[in-house]
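Structure first, commentary second.
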Amino acid sequence: MSNAPGLVRSWPWMVGVAVAFAGGFALSGAMNVNRLEQAETESKDRQRKEAWLSLDEETGKPGRSMSSLRSKADDASGGRVSIDAKIAKTIRMKNPADRISAWVREVDGMTAENALAYLNALDASDPQAKKQLEWQILIRRWMELDPAGCARHIASLPVETKTQFAIDVAMNKWTETDLGAAAAFIETLKGTALYNSALHSHIGRIGTSDLQTAMSMADRAWKDNPEKYNWMMERLHGEFRFANQGGDSRVFFDSIPTAEGKAAAFGHVFFRLWNNSPDEAADWLVTQPDFASGAAVRRIVNLKNAAAAGSGDTWKTEHFPQVDITGG
């Protein structure tokens, strides 16, 4: 698992994301973290860093990085004030692609000592700007520099949507780099409002490499809480598809060892198949009589009736006579 310093290597993907934001798209949950993670491992790190190397004036050979020189200049010009001014200027940039690429360069110069100043400056910048992606980039960089310090700070913040998002990003990154330390920290959150978000992220990250262990952890944590269990299985389904480049959701379903897990995952798998091919979804549904929901069966019935009046009713009578499709 890579823990290479800096996020300059990620910026081409982030520019693309920024453009997508401008077009009305949003990132959420595991896909946010996974796509940023994929960018970190696939981007041309060496070429990008070479583009930022300065030349030593005396020798003409590559010297310190521009981000390092920029950090020294910040310290010389007042540190915190300079950080506030630079970040405010970056966040005011109108073009999303330019703003994200500039932000990545700024965060690459961040240190463990001034990370909190960066976060405070980001929060204090333009209140009208949407800064979810900037937050994510900053938190992941801070977790590279000082994971314990970053996590402790997030846990000290008032609990709101932004804090839940931050702990999700932080625990995902920490689980990648030091699973044991992440697990130990999450134990300290028991009884707090951040515990479920932290554990959810931790289990989700484990699911990218060890799906069975992640499922067992989800069973122990939430099997008696249908809402949270459903939420966890949805994330594991997403992690499975991402790790397997859009892998077959039916394979994911078959790998679930418990009936409770299958029941929690059923809707997510069915609607993924439906989006791919309603006919495939109908064929799969017939193989799952123990988990078929009224909503799923109703969709197939309506589809078949639209194609040939009465055919959907006949299909239901043949395969799911016991399923009530009159509910919401």
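We name chains A, B, ... following the order of the structure tokens; residues begin at 1 in each chain, and ligands are numbered from 1 as shown.
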Residue neighbourhood Asp290 of chain A, 10 Å, only C-alpha atoms, exclusion window fewer than 4 positions, as number ranges by chain: A: 259, 262-263, 285-286
Taking only segment 133-234 of chain A into account, list the residues labelled alpha helix (DSSP H) by DSSP (computed from the backbone), as a PyMOL selection string. chain A and resi 133-145+147-156+161-177+179-188+195-207+211-222+226-234
With only C-alpha atoms as the basis for distance, which of A:Asn225, A:Gln128, A:Ser82, A:Thr90 is at the shortest distance from Asn114 of chain A?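 The closest residue to Asn114 of chain A is A:Ser82.
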Write out as a VMD selection string the residues lying within 6 Å of Ser197 of chain A, counting only C-alpha atoms and excluding same-chain residues fewer than 3 positions away. chain A and resid 168 194 200
Selection above as a file: C-alpha atoms, as a short mmCIF file (atom, residue, chain, number, x, y, z; two decimals), in the first residue's frame:
```cif
data_model
loop_
_atom_site.label_atom_id
_atom_site.label_comp_id
_atom_site.auth_asym_id
_atom_site.auth_seq_id
_atom_site.Cartn_x
_atom_site.Cartn_y
_atom_site.Cartn_z
CA ASP A 168 -15.01 8.56 6.56
CA LEU A 194 -18.76 9.37 14.77
CA HIS A 200 -18.37 1.88 8.11
#
```
Could you check the closest approach to Tyr229 of chain A for each of A:Thr177, A:Ser156, A:Ser216, A:Asn275 and tell me which residue wins, using only C-alpha atoms?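 The answer is A:Ser216, which sits nearest to Tyr229 of chain A.
Using only C-alpha atoms, the protein and nucleic acid residues lying no more than 12 Å from Pro257 of chain A, apart from those fewer than 6 places from it along its own chain, are A:Leu211, A:Gln212, A:Thr213, A:Ala214, A:Met215, A:Ser216, A:Ala218, A:Asp219, A:Ala263, A:Ala265.
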Report as a PyMOL selection string all protein, DNA and RNA residues lying within 12 Å of His319 of chain A, evaluated on only C-alpha atoms, omitting residues in the same chain fewer than 6 positions from it. chain A and resi 282-290+292+297+300-301+312-313
Using only C-alpha atoms, the shortest atom-to-atom distance to Ala102 of chain A among A:Arg140, A:Lys130, A:Arg152, A:Lys89 belongs to A:Lys89
Set the distance at 9 Å and use only C-alpha atoms: which residues neighbour Cys150 of chain A once local chain neighbours fewer than 2 positions away are removed? I'd like the list as number ranges by chain. A: 112, 115-116, 139, 142-143, 145-148, 152-155, 170
Residues near Ile87 of chain A, anyone? I mean within 8 Å using only C-alpha atoms, not counting same-chain ones fewer than 6 positions away, as a compact mmCIF listing (two decimals) with N, CA and C atoms, in the first residue's frame.
```txt
# COMPACT_ATOMS: atom_id res chain seq x y z
N TRP A 103 -5.43 23.91 -6.01
CA TRP A 103 -5.57 23.42 -4.64
C TRP A 103 -4.64 22.23 -4.38
N GLU A 106 -1.25 23.51 -3.76
CA GLU A 106 -1.13 24.12 -2.43
C GLU A 106 -1.00 23.05 -1.35
N TYR A 118 -4.13 25.15 7.41
CA TYR A 118 -4.73 24.97 6.08
C TYR A 118 -6.23 24.69 6.20
N ALA A 121 -8.10 27.76 7.26
CA ALA A 121 -8.16 28.73 6.16
C ALA A 121 -9.18 28.29 5.11
N LEU A 122 -9.24 27.01 4.86
CA LEU A 122 -10.24 26.50 3.90
C LEU A 122 -11.65 26.77 4.42
N SER A 125 -12.60 30.43 4.07
CA SER A 125 -12.68 30.99 2.73
C SER A 125 -14.13 31.06 2.27
```
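With distances restricted to only C-alpha atoms, A:Val269 is the closest residue to His237 of chain A from A:Ala182, A:Ala221, A:Val269, A:Leu189.
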Between atom CA of Asn302 of chain A and atom CA of Lys316 of chain A, measure the distance and give it in Å to one decimal.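 Taking atom CA of Asn302 of chain A and atom CA of Lys316 of chain A, their separation equals 10.3 Å.
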Mind pulling up the distance from atom CA of Arg205 of chain A to atom CA of Asp178 of chain A?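 One can read the atom CA of Asp178 of chain A to atom CA of Arg205 of chain A distance as 11.6 Å.
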Just the strand (DSSP E or B) stuff from segment 55-212 of chain A, please, per backbone DSSP, written as a list of chain:residue names.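 Listing strand (DSSP E or B) positions across segment 55-212 of chain A yields A:Leu55, A:Pro62, A:Gly63, A:Arg64, A:Ser65.
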